[in-house]
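Student: Sharing input.csv here; it has CSV, C-alpha atoms and all ligand atoms.
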chain,number,residue,atom,x,y,z
W,160,MET,CA,-30.6,55.1,78.8
W,161,ARG,CA,-31.6,51.5,78.2
W,162,GLU,CA,-29.0,51.1,75.4
W,163,GLU,CA,-26.5,52.9,77.5
W,164,LEU,CA,-26.9,50.5,80.4
W,165,THR,CA,-26.8,47.5,78.1
W,166,ALA,CA,-23.6,48.8,76.5
W,167,LEU,CA,-22.2,49.5,79.9
W,168,ARG,CA,-22.9,45.9,81.0
W,169,GLU,CA,-21.3,44.4,77.9
W,170,GLN,CA,-18.2,46.6,78.2
W,171,ALA,CA,-17.9,45.8,81.9
W,172,LEU,CA,-18.3,42.1,81.4
W,173,ARG,CA,-15.7,42.1,78.6
W,174,ASP,CA,-13.2,44.1,80.8
W,175,ILE,CA,-13.8,41.7,83.7
W,176,ALA,CA,-13.2,38.7,81.5
W,177,GLY,CA,-10.1,40.3,80.1
W,178,ALA,CA,-8.5,41.2,83.4
W,179,ALA,CA,-5.3,39.1,83.5
W,180,ASP,CA,-4.7,39.3,87.2
W,181,LEU,CA,-6.1,40.5,90.5
W,182,SER,CA,-4.7,44.0,90.2
W,183,ALA,CA,-6.0,44.4,86.7
W,184,LEU,CA,-9.4,43.3,88.0
W,185,GLU,CA,-9.2,45.8,90.8
W,186,GLN,CA,-8.7,48.6,88.2
W,187,VAL,CA,-11.8,47.4,86.3
W,188,ARG,CA,-13.8,47.3,89.6
W,189,VAL,CA,-12.8,50.9,90.4
W,190,ALA,CA,-13.6,52.1,86.8
W,191,VAL,CA,-17.1,50.5,86.9
W,192,ALA,CA,-18.3,50.4,90.5
W,193,GLY,CA,-16.0,52.9,92.2
W,194,ARG,CA,-17.2,56.3,93.4
W,195,ALA,CA,-16.6,57.8,89.9
W,196,GLY,CA,-17.3,54.6,88.1
W,197,THR,CA,-19.5,54.2,85.1
W,198,LEU,CA,-22.2,52.2,86.9
W,199,THR,CA,-22.2,54.7,89.8
W,200,LYS,CA,-22.7,57.6,87.5
W,201,ALA,CA,-25.5,55.8,85.7
W,202,GLY,CA,-27.2,55.4,89.0
W,203,GLU,CA,-26.9,59.1,89.7
W,204,GLN,CA,-28.6,59.9,86.3
W,205,MET,CA,-31.7,58.2,87.5
W,206,ARG,CA,-33.0,61.4,89.1
W,207,HIS,CA,-33.0,63.1,85.6
W,208,LEU,CA,-35.4,60.5,84.3
W,209,ALA,CA,-39.1,61.0,83.8
W,210,LYS,CA,-41.1,59.4,86.6
W,211,GLU,CA,-42.7,56.7,84.4
W,212,GLU,CA,-39.3,55.6,83.1
W,213,ARG,CA,-37.8,55.2,86.6
W,214,PRO,CA,-39.2,51.7,87.6
W,215,GLU,CA,-38.2,50.1,84.3
W,216,ILE,CA,-34.7,51.7,84.2
W,217,GLY,CA,-34.3,51.2,87.9
W,218,LYS,CA,-35.0,47.5,87.4
W,219,LEU,CA,-32.5,47.3,84.6
W,220,LEU,CA,-29.9,49.2,86.5
W,221,HIS,CA,-30.3,46.7,89.4
W,222,GLU,CA,-29.9,43.8,87.0
W,223,VAL,CA,-26.8,45.3,85.5
W,224,ARG,CA,-25.3,46.0,88.9
W,225,THR,CA,-26.0,42.4,90.0
W,226,ALA,CA,-24.5,41.0,86.8
W,227,VAL,CA,-21.4,43.1,87.1
W,228,THR,CA,-20.8,42.5,90.8
W,229,GLY,CA,-21.4,38.8,90.3
W,230,ALA,CA,-18.9,38.7,87.4
W,231,LEU,CA,-16.3,40.7,89.5
W,232,ASP,CA,-16.6,38.2,92.4
W,233,ALA,CA,-16.4,35.2,90.1
W,234,ARG,CA,-13.4,36.5,88.2
W,235,ALA,CA,-11.7,37.4,91.5
W,236,ALA,CA,-12.2,33.8,92.8
W,237,GLU,CA,-10.9,32.4,89.5
W,238,LEU,CA,-7.8,34.6,89.5
W,239,SER,CA,-6.8,33.9,93.1
W,240,ALA,CA,-7.3,30.2,92.6
W,241,ALA,CA,-5.0,30.4,89.5
W,242,ALA,CA,-2.4,32.5,91.5
W,243,GLU,CA,-2.4,29.9,94.3
W,244,GLU,CA,-2.0,27.1,91.8
W,245,ALA,CA,0.9,28.8,90.2
W,246,GLU,CA,2.5,29.3,93.6
W,247,LEU,CA,2.1,25.6,94.4
W,248,ALA,CA,3.5,24.6,91.0
W,249,ARG,CA,6.8,26.1,92.1
W,250,ILE,CA,7.1,23.6,95.0
W,251,ASP,CA,8.1,20.1,94.3
W,252,PRO,CA,6.4,18.0,96.9
W,253,THR,CA,8.3,14.9,95.9
W,254,LEU,CA,11.6,16.4,97.0
W,255,PRO,CA,13.0,14.7,100.1
W,256,GLY,CA,12.7,16.9,103.3
W,257,ARG,CA,15.6,18.7,104.9
W,258,SER,CA,16.7,16.7,107.9
W,259,ARG,CA,18.3,18.3,110.8
W,260,PRO,CA,21.1,16.5,112.5
W,261,VAL,CA,20.0,15.0,115.8
W,262,GLY,CA,22.3,15.5,118.8
W,263,SER,CA,23.1,12.9,121.5
W,264,LEU,CA,23.8,13.0,125.2
W,265,HIS,CA,27.3,14.1,126.2
W,266,PRO,CA,29.1,10.9,127.5
W,267,LEU,CA,29.4,12.3,131.0
W,268,GLN,CA,25.7,13.2,131.1
W,269,HIS,CA,24.9,9.7,129.8
W,270,LEU,CA,27.0,8.1,132.5
W,271,GLN,CA,25.5,10.4,135.2
W,272,ARG,CA,22.0,9.5,134.2
W,273,ARG,CA,22.8,5.8,134.3
W,274,ALA,CA,24.3,6.2,137.8
W,275,VAL,CA,21.5,8.3,139.2
W,276,GLU,CA,19.0,5.8,137.8
W,277,ILE,CA,20.6,3.0,139.8
W,278,PHE,CA,20.6,5.0,143.0
W,279,ARG,CA,17.0,6.0,142.5
W,280,ARG,CA,16.1,2.3,142.4
W,281,MET,CA,17.5,2.1,145.9
W,282,GLY,CA,15.4,5.1,147.1
W,283,PHE,CA,18.0,7.9,146.8
W,284,ALA,CA,16.7,11.3,145.8
W,285,LEU,CA,18.5,13.8,143.6
W,286,ALA,CA,19.9,16.8,145.6
W,287,GLU,CA,21.9,19.8,144.6
W,288,GLY,CA,23.8,22.8,145.9
W,289,PRO,CA,25.6,25.8,144.6
W,290,ASP,CA,28.9,25.7,142.8
W,291,ILE,CA,30.0,28.8,144.7
W,292,GLU,CA,30.2,27.7,148.3
W,293,THR,CA,31.0,29.1,151.7
W,294,GLU,CA,34.1,27.8,153.5
W,295,TRP,CA,31.8,26.5,156.2
W,296,HIS,CA,29.8,24.3,153.9
W,297,CYS,CA,32.8,23.1,151.9
W,298,PHE,CA,35.2,22.6,154.8
W,299,ASP,CA,34.4,23.5,158.4
W,300,ALA,CA,31.1,21.6,158.6
W,301,LEU,CA,32.8,18.7,157.0
W,302,ASN,CA,35.3,18.5,159.9
W,303,THR,CA,38.1,19.7,157.6
W,304,PRO,CA,40.5,21.9,159.7
W,305,ALA,CA,41.9,25.2,158.6
W,306,ASP,CA,45.3,23.7,157.9
W,307,HIS,CA,44.0,21.0,155.5
W,308,PRO,CA,45.8,21.2,152.1
W,309,ALA,CA,42.4,21.4,150.2
W,310,ARG,CA,41.9,24.8,151.9
W,311,ASN,CA,45.2,26.1,150.5
W,312,GLU,CA,44.9,29.1,148.1
W,313,GLN,CA,47.1,27.2,145.7
W,314,ASP,CA,44.7,24.4,145.5
W,315,THR,CA,41.4,26.2,145.5
W,316,PHE,CA,39.6,29.1,143.7
W,317,TYR,CA,38.7,31.7,146.2
W,318,LEU,CA,36.4,34.7,145.4
W,319,PRO,CA,37.3,38.1,146.9
W,320,ASP,CA,34.4,37.8,149.4
W,321,GLY,CA,35.9,34.6,150.9
W,322,ARG,CA,33.6,32.2,149.2
W,323,LEU,CA,35.1,29.6,146.8
W,324,LEU,CA,34.3,27.3,143.9
W,325,ARG,CA,33.5,24.0,145.8
W,326,THR,CA,36.4,21.6,145.7
W,327,HIS,CA,34.0,18.7,146.1
W,328,THR,CA,30.3,17.9,146.1
W,329,SER,CA,30.4,16.9,149.7
W,330,SER,CA,29.1,20.3,150.6
W,331,VAL,CA,25.7,19.1,149.3
W,332,GLN,CA,25.6,16.7,152.3
W,333,ILE,CA,25.7,19.7,154.6
W,334,ARG,CA,23.2,21.7,152.6
W,335,THR,CA,20.8,18.7,152.6
W,336,MET,CA,21.1,18.1,156.4
W,337,GLU,CA,20.6,21.8,157.1
W,338,CYS,CA,17.0,21.7,155.7
W,339,THR,CA,15.7,18.1,156.0
W,340,ALA,CA,15.4,15.6,158.8
W,341,PRO,CA,16.4,11.9,158.8
W,342,PRO,CA,16.0,9.6,157.0
W,343,VAL,CA,18.1,11.3,154.4
W,344,ARG,CA,19.0,9.4,151.3
W,345,ILE,CA,20.4,11.6,148.5
W,346,ILE,CA,22.6,11.5,145.4
W,347,ALA,CA,24.1,14.7,144.3
W,348,PRO,CA,25.9,15.0,140.9
W,349,GLY,CA,27.6,18.3,140.0
W,350,ALA,CA,30.7,20.2,139.2
W,351,ALA,CA,33.8,20.5,141.4
W,352,TYR,CA,36.8,22.8,141.0
W,353,ARG,CA,40.5,22.6,141.8
W,354,ARG,CA,43.5,24.6,140.8
W,355,ASP,CA,45.0,21.7,138.8
W,356,GLU,CA,47.3,22.1,135.8
W,357,VAL,CA,45.3,21.0,132.8
W,358,ASP,CA,46.7,17.9,131.2
W,359,ALA,CA,45.5,14.5,129.8
W,360,THR,CA,44.1,13.5,133.2
W,361,HIS,CA,43.3,16.8,134.9
W,362,LEU,CA,40.9,19.6,134.4
W,363,ALA,CA,40.2,22.6,136.7
W,364,GLN,CA,36.5,21.7,136.6
W,365,PHE,CA,35.3,18.2,136.7
W,366,THR,CA,32.2,16.2,137.8
W,367,GLN,CA,31.6,14.4,141.0
W,368,MET,CA,28.8,12.4,142.4
W,369,GLU,CA,28.1,12.5,146.1
W,370,GLY,CA,25.9,10.2,148.2
W,371,LEU,CA,24.6,10.4,151.7
W,372,TYR,CA,22.4,8.1,153.7
W,373,VAL,CA,21.5,9.0,157.3
W,374,ASP,CA,19.0,7.3,159.6
W,375,GLU,CA,18.9,5.4,162.9
W,376,GLY,CA,20.9,2.2,162.7
W,377,VAL,CA,22.7,2.7,159.4
W,378,THR,CA,25.8,0.4,159.3
W,379,LEU,CA,29.0,-0.2,157.4
W,380,GLY,CA,27.2,-3.2,156.0
W,381,ASP,CA,24.6,-0.9,154.4
W,382,LEU,CA,27.4,1.1,152.9
W,383,LYS,CA,29.1,-1.9,151.4
W,384,GLY,CA,25.9,-3.4,150.1
W,385,THR,CA,24.7,-0.2,148.5
W,386,LEU,CA,28.0,0.5,146.7
W,387,GLU,CA,28.5,-3.1,145.6
W,388,TYR,CA,25.1,-3.2,144.2
W,389,PHE,CA,25.7,0.1,142.4
W,390,PHE,CA,29.0,-0.9,140.8
W,391,ARG,CA,27.6,-4.3,139.7
W,392,GLU,CA,24.6,-2.7,138.1
W,393,LEU,CA,26.9,-0.2,136.3
W,394,PHE,CA,29.7,-2.6,135.2
W,395,GLY,CA,28.0,-6.0,135.2
W,396,PRO,CA,27.7,-9.0,137.5
W,397,ASP,CA,31.4,-10.0,137.3
W,398,THR,CA,32.3,-6.8,139.1
W,399,LYS,CA,34.5,-7.1,142.2
W,400,VAL,CA,34.6,-4.4,144.8
W,401,ARG,CA,37.3,-3.9,147.5
W,402,PHE,CA,37.2,-1.5,150.4
W,403,ARG,CA,40.6,-0.2,151.4
W,404,PRO,CA,41.0,1.8,154.7
W,405,HIS,CA,41.8,5.4,154.0
W,406,PHE,CA,41.4,8.8,155.6
W,407,PHE,CA,38.8,11.5,155.0
W,408,PRO,CA,38.1,14.2,157.6
W,409,PHE,CA,34.3,13.8,157.4
W,410,THR,CA,34.1,10.0,157.7
W,411,GLU,CA,35.3,7.6,160.3
W,412,PRO,CA,36.1,4.9,159.4
W,413,SER,CA,36.9,5.9,155.8
W,414,TYR,CA,37.7,3.8,152.8
W,415,GLU,CA,38.7,4.0,149.2
W,416,ILE,CA,36.8,1.7,146.9
W,417,ASP,CA,38.7,-0.3,144.2
W,418,VAL,CA,36.7,-1.9,141.5
W,419,ARG,CA,37.6,-4.6,139.0
W,420,ALA,CA,35.4,-5.6,136.1
W,421,ALA,CA,35.7,-6.7,132.5
W,422,ALA,CA,33.9,-3.6,131.4
W,423,LEU,CA,36.7,-1.5,133.0
W,424,GLY,CA,39.7,-2.0,130.7
W,425,GLY,CA,39.4,-5.8,130.7
W,426,GLY,CA,39.3,-6.2,134.5
W,427,GLU,CA,43.1,-6.9,134.8
W,428,ARG,CA,43.6,-4.5,137.6
W,429,TRP,CA,42.0,-2.9,140.6
W,430,LEU,CA,40.9,0.7,139.8
W,431,GLU,CA,40.5,3.2,142.6
W,432,LEU,CA,37.1,4.7,141.9
W,433,ALA,CA,35.6,6.3,145.0
W,434,GLY,CA,35.9,7.5,148.5
W,435,CYS,CA,33.5,6.6,151.3
W,436,GLY,CA,33.0,6.1,155.0
W,437,MET,CA,30.7,6.4,158.0
W,438,VAL,CA,29.7,10.0,158.6
W,439,ASP,CA,31.9,11.3,161.4
W,440,PRO,CA,29.9,12.2,164.5
W,441,ALA,CA,31.6,15.6,164.5
W,442,VAL,CA,29.8,16.4,161.2
W,443,PHE,CA,26.4,15.6,162.9
W,444,ALA,CA,27.4,17.8,165.8
W,445,GLN,CA,28.1,20.7,163.5
W,446,ILE,CA,24.7,20.3,161.9
W,447,CYS,CA,22.9,20.2,165.2
W,448,GLU,CA,24.6,23.4,166.3
W,449,ARG,CA,23.7,25.1,163.0
W,450,ARG,CA,20.1,23.9,163.1
W,451,GLY,CA,19.7,24.5,166.8
W,452,ASP,CA,17.9,21.2,167.2
W,453,LYS,CA,18.8,17.5,167.8
W,454,VAL,CA,17.3,15.8,164.8
W,455,PHE,CA,20.8,14.7,163.7
W,456,ASP,CA,21.9,13.8,167.2
W,457,PRO,CA,25.1,11.9,166.8
W,458,GLU,CA,24.0,9.6,169.7
W,459,LYS,CA,20.9,8.6,167.7
W,460,VAL,CA,21.7,8.7,164.0
W,461,THR,CA,24.4,7.1,161.9
W,462,GLY,CA,25.1,7.4,158.2
W,463,PHE,CA,27.4,6.7,155.4
W,464,ALA,CA,28.7,9.0,152.6
W,465,PHE,CA,30.6,8.4,149.4
W,466,GLY,CA,31.9,10.4,146.5
W,467,PHE,CA,33.4,9.7,143.1
W,468,GLY,CA,34.5,11.5,140.0
W,469,LEU,CA,32.7,10.8,136.7
W,470,GLU,CA,35.4,11.8,134.2
W,471,ARG,CA,37.9,9.1,135.2
W,472,LEU,CA,35.1,6.5,135.3
W,473,ALA,CA,33.9,7.6,131.8
W,474,MET,CA,37.5,7.5,130.4
W,475,ILE,CA,38.0,3.9,131.5
W,476,LEU,CA,34.5,2.8,130.6
W,477,TYR,CA,34.5,4.3,127.1
W,478,GLY,CA,38.3,4.1,126.4
W,479,VAL,CA,38.7,7.9,126.2
W,480,PRO,CA,42.5,8.6,126.2
W,481,ASP,CA,42.4,12.3,127.2
W,482,ILE,CA,40.1,14.1,129.7
W,483,ARG,CA,40.2,17.3,127.7
W,484,MET,CA,38.1,15.6,125.0
W,485,PHE,CA,35.1,15.9,127.3
W,486,VAL,CA,35.2,19.7,127.0
W,487,GLU,CA,36.4,20.3,123.5
W,488,ASN,CA,33.0,19.9,121.9
W,489,ASP,CA,34.5,18.2,118.9
W,490,GLN,CA,31.5,16.5,117.1
W,491,ARG,CA,33.7,13.7,115.8
W,492,PHE,CA,34.2,12.7,119.4
W,493,LEU,CA,30.7,13.4,120.7
W,494,ALA,CA,28.9,11.7,117.8
W,495,GLN,CA,30.5,8.4,118.9
W,496,PHE,CA,28.3,8.1,121.9
W,497,PRO,CA,24.7,6.9,121.5
W,498,SER,CA,22.1,8.9,123.3
I,1,LIG,N1,35.0,14.5,148.8
I,1,LIG,C1,36.0,13.5,148.5
I,1,LIG,C2,36.9,14.0,147.4
I,1,LIG,O1,36.6,15.0,146.7
I,1,LIG,C3,35.3,12.2,148.0
I,1,LIG,C4,34.6,11.6,149.2
I,1,LIG,C5,35.2,10.7,150.0
I,1,LIG,C6,33.3,11.9,149.4
I,1,LIG,C7,34.6,10.1,151.1
I,1,LIG,C8,32.6,11.3,150.5
I,1,LIG,C9,33.3,10.4,151.3
I,1,LIG,O2,31.3,11.6,150.8
I,1,LIG,O3,32.6,9.8,152.4
I,1,LIG,O4,37.9,13.4,147.1
What is this file in C-alpha cells?
Ligand code: DAH

Tutor:
Amino acid sequence: MREELTALREQALRDIAGAADLSALEQVRVAVAGRAGTLTKAGEQMRHLAKEERPEIGKLLHEVRTAVTGALDARAAELSAAAEEAELARIDPTLPGRSRPVGSLHPLQHLQRRAVEIFRRMGFALAEGPDIETEWHCFDALNTPADHPARNEQDTFYLPDGRLLRTHTSSVQIRTMECTAPPVRIIAPGAAYRRDEVDATHLAQFTQMEGLYVDEGVTLGDLKGTLEYFFRELFGPDTKVRFRPHFFPFTEPSYEIDVRAAALGGGERWLELAGCGMVDPAVFAQICERRGDKVFDPEKVTGFAFGFGLERLAMILYGVPDIRMFVENDQRFLAQFPS
C-alpha cells in the first residue's frame, strides 16, 4: 500500500502541474479528491489493513493528502493569477478615455438664473404656481373683468372644466397672498400661454417673470428704485430706464418700462421690456375676502408688481433672430451659450 500511495502522490502532483487551466485543474481535483477519487478510495482501504500497519500508512496517507491539497490550492492560485493577467493584457491603459459631451444651460434658463439672482440680493424669494389655473386666480382676483380681451376664447387655452393655461404669471401674486402675510417679496418665473400664431416673434408658450412686493408704506419710489437697480445689474451701469404711463387692470397707476443700454442692441433705441405698477386696492380687497381676514387690508398695505417676458429679452441680449430657436433643441444653437 505504501508504494501505491507514493505512486498516487506522484501521479496526482504531475496531473496538477500539467493542468493548463482552472477547469482542467477541477477535473484533476475530482479524479483525486472527489467522492470516487483515487485518494478517497485509498482512505477507504485503510480498514482492510492489519492493525499494526495502520498508524504508519495512516500517517503516509495524511502526508499524501496534505501534499495533494496543497498542490491543488497552489496551482489554482497560479492559474487564476495567470487568467487575470491575460484579461488585463487585453486592456490598453494608455488609451485616452472616452469623454462624454458636457451640456450647457439653455439660454433662457441662464438668463432666468441671472435675473433671479439679482432679485434675491434685494431680498426677493422664489415663488411658483400651477400652469393650469382657475379663471379666478388668472383674472377675477387680478381685477380683470369678464369682458377683458385676455379672457377671450380666441386668445386663451381653456380646458373643458373651465380652467385655463395661465396667460401670465401674475396669478402667482394671488397664490402667494392667499397663503402668506405681508411683508411679501417674491419673484416668480414660469411659463405663460397664449393662442398666438407661431412666427419669428411669437410662441404659444413663453416665459415670464413676475415680481410682487407688499408691505406697509411701499411707494412708487421703491418700485422705480428696485427695477432700475435690476436692469442696471443685468445690462450694465450705462442702462437707462424710463417709466411710461400705461394701463393694467391689476395696478394703479400702471407703467410700461422702456430700457436703453449698450448691451441691448447697441443702445440706440428704447426697448419696451416690462409692465409694472402699484397693486390696485381692488386686488387686496379680493384677497381679504378670499382669506376672510384683513392682513392685506387695502387701507394699511401698499405694494408694487411687475412682469416681463424672457424670450424677447434674451433675443435682444444674445442677438437671437427667431424665437423658435429657443424650442427647436438644435445643438448648433444651444452649444453657443456658455453654461
Ligand atoms: N401680466 C402682464 C402681462 O402679461 C405683465 C404685468 C404688467 C405684470 C404689470 C405685472 C404688472 O405684475 O404690474 O402682460

Student: Please check which protein, DNA or RNA residues sit within 9 Å of ligand LIG 1 (chain I), counting all atoms listed in the file, and write them as a VMD selection string.

Tutor: chain W and resid 326 to 330 332 351 367 to 371 406 to 411 413 to 415 433 to 438 463 to 468

Student: Rounded to one decimal place, report the atom CA of W:Glu470-atom CA of W:Gly349 distance in Å.

Tutor: 11.7 Å

Student: I'd like the neighbourhood of W:Leu164 as a PyMOL selection string, where a residue qualifies if any of its atoms comes within 9 Å (using all atoms listed in the file), though same-chain residues fewer than 2 positions away should be ignored.

Tutor: chain W and resi 160-162+166-169+198+201+216+219-220+223

Student: Taking 3 positions as the minimum chain separation for residues in the same chain, which residues sit within 8 Å of W:Leu238 when counting all atoms listed in the file? Answer as a VMD selection string.

Tutor: chain W and resid 179 to 181 234 to 235 241 to 242

Student: Only C-alpha atoms, please: the residues just picked out, written as an mmCIF file, in the frame of the given file.

Tutor:
data_model
loop_
_atom_site.group_PDB
_atom_site.id
_atom_site.type_symbol
_atom_site.label_atom_id
_atom_site.label_comp_id
_atom_site.auth_asym_id
_atom_site.auth_seq_id
_atom_site.Cartn_x
_atom_site.Cartn_y
_atom_site.Cartn_z
ATOM 1 C CA ALA W 179 -5.300 39.100 83.500
ATOM 2 C CA ASP W 180 -4.700 39.300 87.200
ATOM 3 C CA LEU W 181 -6.100 40.500 90.500
ATOM 4 C CA ARG W 234 -13.400 36.500 88.200
ATOM 5 C CA ALA W 235 -11.700 37.400 91.500
ATOM 6 C CA ALA W 241 -5.000 30.400 89.500
ATOM 7 C CA ALA W 242 -2.400 32.500 91.500
#

Student: Can you pull out every residue within 7 Å of stretch 383-399 of chain W, counting all atoms listed in the file, but drop anything in the same chain fewer than 4 positions away, and send it as an NGL selection string?

Tutor: :W and (277 or 379 or 418-420 or 422)

Student: Name the residues in contact with stretch 483-485 of chain W at a cut-off of 10 Å, using all atoms listed in the file, excluding same-chain residues fewer than 6 positions from it; report them as a list of chain:residue names.

Tutor: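 Final neighbour list, sorted by chain and number: W:His265, W:Pro266, W:Leu267, W:Val357, W:Asp358, W:Ala359, W:Thr360, W:His361, W:Leu362, W:Phe365, W:Glu470, W:Ala473, W:Met474, W:Phe492, W:Leu493.
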
Student: Restricting the calculation to only C-alpha atoms: of W:Ile175, W:Val275, W:Ala190, W:Ala363, which residue gets closest to W:Ala233?

Tutor: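 Of W:Ile175, W:Val275, W:Ala190, W:Ala363, the one nearest W:Ala233 is W:Ile175, counting only C-alpha atoms.
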
Student: Of the candidates W:Gln495, W:Gln445, W:Ser239, W:Gln313, which shows the shortest atom-to-atom distance to W:Glu337, using all atoms listed in the file?

Tutor: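 Closest to W:Glu337 of all the choices is W:Gln445.
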
Student: Residues within 7 Å of W:Ile345, please, as a list in words. Count all atoms listed in the file; anything in the same chain fewer than 4 positions from it doesn't count.

Tutor: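 Close residues of W:Ile345: Phe283, Ala284, Leu285, Ala286, Gly370, Leu371 and Tyr372 of chain W.
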
Student: Have a look at atom CA of W:Tyr477 and atom CA of W:Arg403 and let me know their distance in Å, one decimal.

Tutor: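 One can read the atom CA of W:Tyr477 to atom CA of W:Arg403 distance as 25.5 Å.
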
Student: Rank W:Leu264, W:Asn302, W:Leu423, W:Pro214 by their smallest atom-to-atom distance to W:Val479, using all atoms listed in the file, and report the top residue only.

Tutor: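 Ranked by minimum distance to W:Val479, first place goes to W:Leu423.
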
Student: Atom CA of W:Arg273 and atom CA of W:Leu430, how far apart in Å?

Tutor: 19.6 Å

Student: W:Glu222, W:Asp452, W:Asp299, W:Glu292: which is nearest W:Asp320, counting all atoms listed in the file?

Tutor: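 Closest to W:Asp320 of all the choices is W:Glu292.
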